[in-house]
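The block underneath contains the structure these notes are about, expressed in structure tokens.
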Protein chains: 2
Amino acid sequence: MTVWLVGAGPGDPGLITVRGQALVRNCDVLIHDRLVSPELVAQASGALIVSRDGREQEEINRMLVELGRKGLEVVRLKGGDPFVYGRGGEEAIALAEAGVPFEVVPGVSSLAAVPAAAGIPLTHRGVSAGVRVYSGRTAEASGETVLVFMGLHELARVCDDLVAEGFDPSTPAAVISRGTLPDQEVVVAELGELAAAAEEVSAPALVVVGEVVSLRDRLLAGVLQESAV
Amino acid sequence: MTVWLVGAGPGDPGLITVRGQALVRNCDVLIHDRLVSPELVAQASGALIVSRDGREQEEINRMLVELGRKGLEVVRLKGGDPFVYGRGGEEAIALAEAGVPFEVVPGVSSLAAVPAAAGIPLTHRGVSAGVRVYSGRTAEASGETVLVFMGLHELARVCDDLVAEGFDPSTPAAVISRGTLPDQEVVVAELGELAAAAEEVSAPALVVVGEVVSLRDRLLAGVLQESAV
């Protein structure tokens with residue numbers, strides 16, 4: 001394993017994960033976002049420290065590939081979570097296509113942590129049963145990813161509802177059971193066939209619907225270590 | 001401080017936060033969800049361990065209040081993040097109304113971590129610019145919380161768009177700048193007045209719109225420690 005895409009969390013340095021902190025402390029090279037806590041960057045003692053600031057995304061992708069090819073232990077430390085407005089997918093695909101082994105270490109996204117720090121729960125019984133997230137910077141219309149928690153028991157209904165709402169039955173979709181655990185199970189199918197395909201899957205499971213599911217093949221590309229697949 | 005509502009993360013015990021792990025290791029009482037990693041529970045050596053399994057939510061709320069009143073260091077360890085389908089808001093309100101000091105320590109939600117572990121980014125340039133999250137178990141229609149990342153620069157447009165889409169201009173809303181950091185700033189206003197109220201706020205900031213914002217007063221109730229406000 002040579003490159004880790006690590007989420008640093010929302011700001012407070014105590015909100016990085018235990019795994020992420022261990023990787024930061026032991027890496028050869030740390031490439032960090034501008035907004036990552038200086039206390040975390042300082043923990044990469046002995047590492048070459050590179051700020052992402054002022055560099056194009058393509059340059060970062062290239063650096064990750066080149067450093068990874070040298071067999072160095074490289075941590076790409078990103079604010080929040082790498083896959084929530086973190087452009088981690090682009091870095092992951094660049095690494096996968098170059099055949100450089102990598103792993104994604106999720107972080108606490110601002111998404112729930114920042115409202116929590118202001119005393120606001122995202123969901124609350126009788127008040128809010130769902131969350132919609134978007135970016136103020138996205139001018140062009142682009143797709144949306146749908147996540148359904150606790151959707152396994154009524155998966156057929158959940159999928160039918162999405163089709164009735166306008167989703168094409170051929171939209172890529174997945175059910176992920178026991179995610180992040182060693183016995184994780186992933187079933188990928190078109191939305192219209194997901195319920196039948198996931199019949200044998202056990203709870204707890206998360207349902208993901210949207211074109212991002214089709215990025216999976218490019219991202220995995222045979223190089224992620226088992227624990228991340 | 002006596003009661004901590006701590007997110008354990010999505011399953012992998014390495015995905016708890018550094019702060020959360022330190023609290024687990026030093027608590028007097030640990031009340032944990034069934035799905036929390038046994039490795040994490042085992043780290044609360046010396047603590048009284050209580051499983052949430054088979055108990056009503058009201059009983060848990062009562063236990064937290066009673067143990068907190070005794071001045072014990074109590075960790076309520078919850079799967080994922082306490083405020084994303086975690087019923088953490090209910091526990092927080094019970095504690096606040098009883099005058100028991102508490103703090104929320106966010107966790108890595110399954111929301112992004114589980115798709116990541118399956119090789120699926122939630123957002124990806126040109127593929128998905130937003131995320132919609134709901135629960136398959138919610139039968140009754142209930143409100144939705146809207147989060148806008150990077151929405152500060154065009155806040156007036158963002159708010160106008162939401163009103164045009166059907167949100168009442170009187171919907172509670174907030175802008176949270178530098179969330180979780182010591183210089184965090186929170187501006188709360190009705191949606192129709194948010195852009196004017198948040199004029200002086202600096203980036204990075206997250207915009208939150210929905211009735212959950214009105215829970216803030218009940219949750220804070222003067223007892224959260226400064227770092228969590």
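Letters for chains follow the order of the structure tokens (A, B, ...), residue numbers begin at 1 for each chain, and ligand numbers begin at 1 in the order shown.
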At most 6 Å is the cut-off: for each residue in chain A with any atom that close to an atom of chain B, write down the nearest atom pair and the distance in Å rounded to one decimal, counting only C-alpha atoms, chain first then increasing number, as JSON lines.
{"residue": "A:Gly11", "atom": "CA", "partner": "B:Leu181", "partner_atom": "CA", "distance": 5.9}
{"residue": "A:Asp12", "atom": "CA", "partner": "B:Leu181", "partner_atom": "CA", "distance": 5.5}
{"residue": "A:Gly14", "atom": "CA", "partner": "B:Arg19", "partner_atom": "CA", "distance": 4.9}
{"residue": "A:Leu15", "atom": "CA", "partner": "B:Thr17", "partner_atom": "CA", "distance": 5.1}
{"residue": "A:Ile16", "atom": "CA", "partner": "B:Thr17", "partner_atom": "CA", "distance": 5.4}
{"residue": "A:Thr17", "atom": "CA", "partner": "B:Thr17", "partner_atom": "CA", "distance": 4.0}
{"residue": "A:Val18", "atom": "CA", "partner": "B:Val18", "partner_atom": "CA", "distance": 5.0}
{"residue": "A:Arg19", "atom": "CA", "partner": "B:Gly14", "partner_atom": "CA", "distance": 4.9}
{"residue": "A:Phe83", "atom": "CA", "partner": "B:Pro121", "partner_atom": "CA", "distance": 4.8}
{"residue": "A:Val84", "atom": "CA", "partner": "B:Thr123", "partner_atom": "CA", "distance": 5.7}
{"residue": "A:Tyr85", "atom": "CA", "partner": "B:Thr123", "partner_atom": "CA", "distance": 5.9}
{"residue": "A:Gly89", "atom": "CA", "partner": "B:Pro121", "partner_atom": "CA", "distance": 5.7}
{"residue": "A:Pro106", "atom": "CA", "partner": "B:Ala113", "partner_atom": "CA", "distance": 5.4}
{"residue": "A:Gly107", "atom": "CA", "partner": "B:Val108", "partner_atom": "CA", "distance": 5.9}
{"residue": "A:Val108", "atom": "CA", "partner": "B:Val108", "partner_atom": "CA", "distance": 4.5}
{"residue": "A:Ala113", "atom": "CA", "partner": "B:Pro106", "partner_atom": "CA", "distance": 5.4}
{"residue": "A:Val114", "atom": "CA", "partner": "B:Gly179", "partner_atom": "CA", "distance": 4.8}
{"residue": "A:Ala117", "atom": "CA", "partner": "B:Ala228", "partner_atom": "CA", "distance": 5.0}
{"residue": "A:Ala118", "atom": "CA", "partner": "B:Val229", "partner_atom": "CA", "distance": 5.4}
{"residue": "A:Gly119", "atom": "CA", "partner": "B:Arg216", "partner_atom": "CA", "distance": 4.9}
{"residue": "A:Ile120", "atom": "CA", "partner": "B:Arg216", "partner_atom": "CA", "distance": 5.3}
{"residue": "A:Pro121", "atom": "CA", "partner": "B:Phe83", "partner_atom": "CA", "distance": 4.8}
{"residue": "A:Leu122", "atom": "CA", "partner": "B:Phe83", "partner_atom": "CA", "distance": 5.7}
{"residue": "A:Thr123", "atom": "CA", "partner": "B:Val84", "partner_atom": "CA", "distance": 5.8}
{"residue": "A:Val127", "atom": "CA", "partner": "B:Gly143", "partner_atom": "CA", "distance": 5.7}
{"residue": "A:Ser128", "atom": "CA", "partner": "B:Gly143", "partner_atom": "CA", "distance": 4.3}
{"residue": "A:Ala129", "atom": "CA", "partner": "B:Ser142", "partner_atom": "CA", "distance": 5.6}
{"residue": "A:Gly130", "atom": "CA", "partner": "B:Tyr134", "partner_atom": "CA", "distance": 4.3}
{"residue": "A:Val131", "atom": "CA", "partner": "B:Thr145", "partner_atom": "CA", "distance": 4.7}
{"residue": "A:Arg132", "atom": "CA", "partner": "B:Arg132", "partner_atom": "CA", "distance": 4.4}
{"residue": "A:Val133", "atom": "CA", "partner": "B:Leu147", "partner_atom": "CA", "distance": 4.7}
{"residue": "A:Tyr134", "atom": "CA", "partner": "B:Gly130", "partner_atom": "CA", "distance": 4.3}
{"residue": "A:Ser135", "atom": "CA", "partner": "B:Phe149", "partner_atom": "CA", "distance": 4.6}
{"residue": "A:Gly136", "atom": "CA", "partner": "B:Gly151", "partner_atom": "CA", "distance": 4.1}
{"residue": "A:Ser142", "atom": "CA", "partner": "B:Ser128", "partner_atom": "CA", "distance": 5.7}
{"residue": "A:Gly143", "atom": "CA", "partner": "B:Ser128", "partner_atom": "CA", "distance": 4.3}
{"residue": "A:Glu144", "atom": "CA", "partner": "B:Gly130", "partner_atom": "CA", "distance": 4.8}
{"residue": "A:Thr145", "atom": "CA", "partner": "B:Val131", "partner_atom": "CA", "distance": 4.7}
{"residue": "A:Val146", "atom": "CA", "partner": "B:Arg132", "partner_atom": "CA", "distance": 4.8}
{"residue": "A:Leu147", "atom": "CA", "partner": "B:Val133", "partner_atom": "CA", "distance": 4.7}
{"residue": "A:Val148", "atom": "CA", "partner": "B:Tyr134", "partner_atom": "CA", "distance": 5.1}
{"residue": "A:Phe149", "atom": "CA", "partner": "B:Ser135", "partner_atom": "CA", "distance": 4.6}
{"residue": "A:Met150", "atom": "CA", "partner": "B:Gly136", "partner_atom": "CA", "distance": 5.2}
{"residue": "A:Gly151", "atom": "CA", "partner": "B:Gly136", "partner_atom": "CA", "distance": 4.1}
{"residue": "A:Gly179", "atom": "CA", "partner": "B:Val114", "partner_atom": "CA", "distance": 4.8}
{"residue": "A:Thr180", "atom": "CA", "partner": "B:Asp12", "partner_atom": "CA", "distance": 5.5}
{"residue": "A:Leu181", "atom": "CA", "partner": "B:Asp12", "partner_atom": "CA", "distance": 5.5}
{"residue": "A:Val213", "atom": "CA", "partner": "B:Ile120", "partner_atom": "CA", "distance": 5.6}
{"residue": "A:Arg216", "atom": "CA", "partner": "B:Gly119", "partner_atom": "CA", "distance": 4.9}
{"residue": "A:Leu219", "atom": "CA", "partner": "B:Gly119", "partner_atom": "CA", "distance": 5.9}
{"residue": "A:Ala228", "atom": "CA", "partner": "B:Ala117", "partner_atom": "CA", "distance": 5.0}
{"residue": "A:Val229", "atom": "CA", "partner": "B:Ala118", "partner_atom": "CA", "distance": 5.3}
Report the residues of stretch 43-200 of chain B whose backbone DSSP state falls under strand (DSSP E or B), written as an NGL selection string.
:B and (48-51 or 74-78 or 80 or 102-105 or 124 or 128-135 or 143-149 or 172-177 or 185-190)
Take the residues from that selection and put them in a file with C-alpha atoms, as a short mmCIF file (atom, residue, chain, number, x, y, z; two decimals), in the first residue's frame.
data_model
loop_
_atom_site.label_atom_id
_atom_site.label_comp_id
_atom_site.auth_asym_id
_atom_site.auth_seq_id
_atom_site.Cartn_x
_atom_site.Cartn_y
_atom_site.Cartn_z
CA LEU B 48 -19.51 -0.34 33.63
CA ILE B 49 -20.70 -1.59 30.22
CA VAL B 50 -24.38 -1.35 29.31
CA SER B 51 -25.85 -2.52 25.99
CA VAL B 74 -20.73 8.65 30.79
CA VAL B 75 -20.10 7.77 27.14
CA ARG B 76 -23.11 7.00 24.98
CA LEU B 77 -21.42 5.22 22.07
CA LYS B 78 -23.58 5.22 18.96
CA GLY B 80 -22.08 6.08 12.80
CA PHE B 102 -23.22 17.02 27.76
CA GLU B 103 -21.34 17.24 24.52
CA VAL B 104 -21.75 15.69 21.09
CA VAL B 105 -18.63 14.13 19.55
CA HIS B 124 -17.89 13.39 -8.40
CA SER B 128 -23.00 13.84 -9.11
CA ALA B 129 -23.12 17.26 -7.50
CA GLY B 130 -25.52 16.44 -4.68
CA VAL B 131 -26.75 13.81 -2.29
CA ARG B 132 -30.21 12.99 -1.03
CA VAL B 133 -30.50 10.87 2.10
CA TYR B 134 -33.56 9.28 3.59
CA SER B 135 -34.63 6.30 5.64
CA GLY B 143 -39.52 17.41 6.84
CA GLU B 144 -36.17 17.47 5.13
CA THR B 145 -32.95 19.24 6.09
CA VAL B 146 -31.08 21.06 3.33
CA LEU B 147 -27.31 21.52 3.51
CA VAL B 148 -25.42 23.73 1.12
CA PHE B 149 -21.65 23.43 0.91
CA PRO B 172 -35.47 28.33 10.28
CA ALA B 173 -31.99 28.51 8.77
CA ALA B 174 -28.39 28.94 9.85
CA VAL B 175 -24.95 29.72 8.50
CA ILE B 176 -22.10 28.07 10.41
CA SER B 177 -18.63 29.42 9.77
CA GLU B 185 -19.54 31.52 14.26
CA VAL B 186 -23.25 30.71 13.98
CA VAL B 187 -25.89 32.97 12.47
CA VAL B 188 -29.50 31.86 12.80
CA ALA B 189 -32.29 33.56 10.86
CA GLU B 190 -35.41 32.83 8.84
#
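The gap separating atom CA of A:Ala164 from atom CA of B:Leu162 is 23.6 Å, in Å to one decimal.
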As number ranges by chain, please: every residue in stretch 46-202 of chain B that a backbone DSSP assignment puts in alpha helix (DSSP H).
B: 57-69, 88-98, 110-117, 155-164, 194-197
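Residues within 9 Å of B:Glu91, counting only C-alpha atoms and excluding same-chain residues fewer than 2 positions away, are Leu5, Gln57, Glu58, Ile60, Asn61, Arg62, Leu64, Val65, Arg87, Gly88, Gly89, Ile93, Ala94, Leu95 and Ala96 of chain B.
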Selected residues written out with C-alpha atoms, as a short mmCIF file (atom, residue, chain, number, x, y, z; two decimals), in the first residue's frame:
data_model
loop_
_atom_site.label_atom_id
_atom_site.label_comp_id
_atom_site.auth_asym_id
_atom_site.auth_seq_id
_atom_site.Cartn_x
_atom_site.Cartn_y
_atom_site.Cartn_z
CA LEU B 5 -22.78 11.37 22.88
CA GLN B 57 -35.29 5.04 23.88
CA GLU B 58 -37.01 6.60 26.91
CA ILE B 60 -31.82 5.23 27.68
CA ASN B 61 -32.70 8.92 28.03
CA ARG B 62 -33.52 8.35 31.71
CA LEU B 64 -28.20 9.13 30.76
CA VAL B 65 -29.84 11.79 32.92
CA ARG B 87 -31.61 9.65 17.70
CA GLY B 88 -28.85 11.67 19.33
CA GLY B 89 -31.07 14.74 19.20
CA ILE B 93 -32.73 17.31 24.46
CA ALA B 94 -33.45 15.01 27.42
CA LEU B 95 -30.06 15.93 28.93
CA ALA B 96 -30.44 19.64 28.19
#
